[in-house]
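Report on one structure; see the data block that follows.
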Amino acid sequence: MRRSTTAGRVLATIAIIGSVVLSGCGNSDTPSADTTPTPAASANGVEDLSANQILDEVSTAVGDATSVHVSGEGMSGDQQVGIDMQMTSSGDAQGTLTLSGQQVSLIIADGATYFSADEAFWTSQVGPEVAPQLVGKYVEVPANDHSFDNVASYSAFFDSLLKPDGAISKGDQTDVDGVPTIQLLEAKNDGTMYVALEGDPLPLKVETKDQGSVTLSEWNEPVTVSPPSATDIVDPSTIAPATPAPSSPAPVTPVPSS
């Protein structure tokens, strides 16, 4: 395997992770963390607005927020996938993505994106010769590669989440972990967003019939993200498979003299 081929296989893995997790994270049985949107518990009154007006209020509240914890798990095709990410509105993020039991650690800091995985994951992606050189290391994602944006970038995640594919309407008022919410229903994808009726009108949960749900919690909690140390970052273009040990020469069988 050439070094350029190794790098190509490593970087191709990025797009696979991003597309799989985005297409199917969430399960309605996922336990959620504390979803209180703000310390203040005053009613915000958005239940009296139209569905589109509520969505506008949600967009404003999300734009003013500083951070969120996004978590969920479910199925995408025949793969079990999950997301557990802390995102900040400044662009930093950290957490894990899960594909069929294999975890990928992700860090976005100072404008750069890095990911790391265990030996089982790398063996499945790039083979047993290359995998040991990547275990315990972070690979920096090329600056022009946006495969992880929809699962790790605060702005990209909510740009997608807050743009329904079809008309929306108001649903029932119900509690999410003790917080009163109003449902916003989107018929095309059979989706439901639960918007807090106390404090800022922030989304606390989003679910669809086919893809389960994600929980949005720990709004505006402090999040500190640091990039990996330089010694923990590996450039895949410098990786080559281990050179096999030279085989021993075959023993020479003496020819009996006549």
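By convention in this document, the chains of the structure tokens carry letters A, B, ... by their order, each chain's residues are numbered from 1, and ligands are numbered from 1 in the order they are shown.
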
- Apply DSSP to the structure's backbone, then extract all residues of segment 143-217 of chain A labelled strand (DSSP E or B) and return them as number ranges by chain. A: 168-176, 179-186, 191-196, 198, 203-208, 212-217

With N, CA and C atoms retained, could you export that selection as a compact mmCIF listing (two decimals), in the first residue's frame?
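Full text of result-v8.txt as output:
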# COMPACT_ATOMS: atom_id res chain seq x y z
N ILE A 168 -45.25 23.59 9.10
CA ILE A 168 -45.23 23.22 10.51
C ILE A 168 -46.52 23.69 11.19
N SER A 169 -46.84 23.02 12.28
CA SER A 169 -48.03 23.37 13.05
C SER A 169 -47.74 23.15 14.53
N LYS A 170 -48.61 23.70 15.37
CA LYS A 170 -48.45 23.50 16.81
C LYS A 170 -49.09 22.19 17.23
N GLY A 171 -48.44 21.51 18.17
CA GLY A 171 -48.98 20.29 18.74
C GLY A 171 -49.39 20.50 20.17
N ASP A 172 -49.22 19.47 20.97
CA ASP A 172 -49.64 19.51 22.36
C ASP A 172 -48.59 20.18 23.24
N GLN A 173 -49.03 20.57 24.42
CA GLN A 173 -48.10 20.99 25.46
C GLN A 173 -47.81 19.76 26.32
N THR A 174 -46.53 19.51 26.55
CA THR A 174 -46.13 18.33 27.32
C THR A 174 -44.81 18.61 28.00
N ASP A 175 -44.48 17.85 29.01
CA ASP A 175 -43.22 18.04 29.74
C ASP A 175 -42.11 17.21 29.12
N VAL A 176 -40.92 17.76 29.12
CA VAL A 176 -39.70 17.03 28.79
C VAL A 176 -38.80 17.10 30.01
N VAL A 179 -39.77 19.88 32.35
CA VAL A 179 -39.84 21.23 31.79
C VAL A 179 -41.05 21.30 30.84
N PRO A 180 -41.97 22.23 31.02
CA PRO A 180 -43.10 22.34 30.10
C PRO A 180 -42.65 22.77 28.71
N THR A 181 -43.20 22.14 27.68
CA THR A 181 -42.83 22.46 26.30
C THR A 181 -44.07 22.52 25.43
N ILE A 182 -43.90 23.11 24.25
CA ILE A 182 -44.91 23.10 23.19
C ILE A 182 -44.31 22.36 22.00
N GLN A 183 -45.10 21.50 21.38
CA GLN A 183 -44.62 20.75 20.23
C GLN A 183 -44.76 21.57 18.95
N LEU A 184 -43.75 21.52 18.11
CA LEU A 184 -43.84 21.99 16.73
C LEU A 184 -43.81 20.75 15.85
N LEU A 185 -44.82 20.57 15.03
CA LEU A 185 -44.96 19.37 14.21
C LEU A 185 -44.64 19.68 12.76
N GLU A 186 -43.86 18.80 12.14
CA GLU A 186 -43.53 18.92 10.72
C GLU A 186 -44.01 17.66 10.01
N GLY A 191 -41.94 14.81 11.97
CA GLY A 191 -41.01 15.24 13.00
C GLY A 191 -41.67 16.10 14.05
N THR A 192 -41.08 16.08 15.25
CA THR A 192 -41.58 16.88 16.37
C THR A 192 -40.43 17.54 17.08
N MET A 193 -40.55 18.85 17.29
CA MET A 193 -39.60 19.59 18.11
C MET A 193 -40.31 20.05 19.37
N TYR A 194 -39.66 19.85 20.52
CA TYR A 194 -40.21 20.25 21.81
C TYR A 194 -39.52 21.53 22.25
N VAL A 195 -40.29 22.62 22.36
CA VAL A 195 -39.74 23.94 22.66
C VAL A 195 -40.09 24.32 24.10
N ALA A 196 -39.08 24.75 24.85
CA ALA A 196 -39.27 25.10 26.26
C ALA A 196 -40.24 26.26 26.41
N GLU A 198 -40.49 27.64 29.49
CA GLU A 198 -39.89 28.36 30.60
C GLU A 198 -38.52 28.85 30.19
N PRO A 203 -35.04 24.63 21.94
CA PRO A 203 -35.47 23.24 21.69
C PRO A 203 -34.81 22.30 22.69
N LEU A 204 -35.61 21.42 23.28
CA LEU A 204 -35.10 20.46 24.26
C LEU A 204 -35.00 19.05 23.71
N LYS A 205 -35.75 18.79 22.64
CA LYS A 205 -35.76 17.45 22.06
C LYS A 205 -36.31 17.55 20.65
N VAL A 206 -35.77 16.74 19.76
CA VAL A 206 -36.27 16.65 18.38
C VAL A 206 -36.35 15.18 18.02
N GLU A 207 -37.50 14.76 17.47
CA GLU A 207 -37.65 13.36 17.10
C GLU A 207 -38.39 13.23 15.78
N THR A 208 -38.11 12.14 15.08
CA THR A 208 -38.85 11.78 13.87
C THR A 208 -39.29 10.33 14.00
N GLY A 212 -35.83 8.22 15.33
CA GLY A 212 -35.69 8.36 16.76
C GLY A 212 -35.61 9.81 17.20
N SER A 213 -34.74 10.12 18.16
CA SER A 213 -34.70 11.48 18.68
C SER A 213 -33.31 11.86 19.16
N VAL A 214 -33.10 13.16 19.28
CA VAL A 214 -31.90 13.69 19.93
C VAL A 214 -32.35 14.63 21.04
N THR A 215 -31.60 14.63 22.12
CA THR A 215 -31.86 15.49 23.26
C THR A 215 -30.89 16.67 23.22
N LEU A 216 -31.43 17.86 23.48
CA LEU A 216 -30.64 19.09 23.48
C LEU A 216 -30.67 19.64 24.91
N SER A 217 -29.56 19.57 25.60
CA SER A 217 -29.52 19.89 27.03
C SER A 217 -28.32 20.76 27.36

- Pick out the residues sitting within 8 Å of segment 111-126 of chain A, and hand them over as a PyMOL selection string; count only C-alpha atoms, and ignore anything fewer than 2 positions along from it in its own chain. chain A and resi 6+9-10+13+91-92+102-109+128-132+134-143+227-228

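Atom CA of Glu73 of chain A is found 20.1 Å from atom CA of Leu162 of chain A.
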
- Item | Among the residues A:Asp110, A:Asp159, A:Asp165, A:Asp149, the one that comes closest to Ser226 of chain A [using only C-alpha atoms] | A:Asp110

- Message: Can you measure atom CA of Val223 of chain A to atom CA of Ser67 of chain A for me? One decimal in Å is fine.
- Response: 7.2 Å

- Between atom CA of Val62 of chain A and atom CA of Leu161 of chain A lies a distance of 10.9 Å

- Item | Which of A:Val225, A:Leu197, A:Val234, A:Ala152 sits closest to Glu57 of chain A [using only C-alpha atoms] | A:Leu197
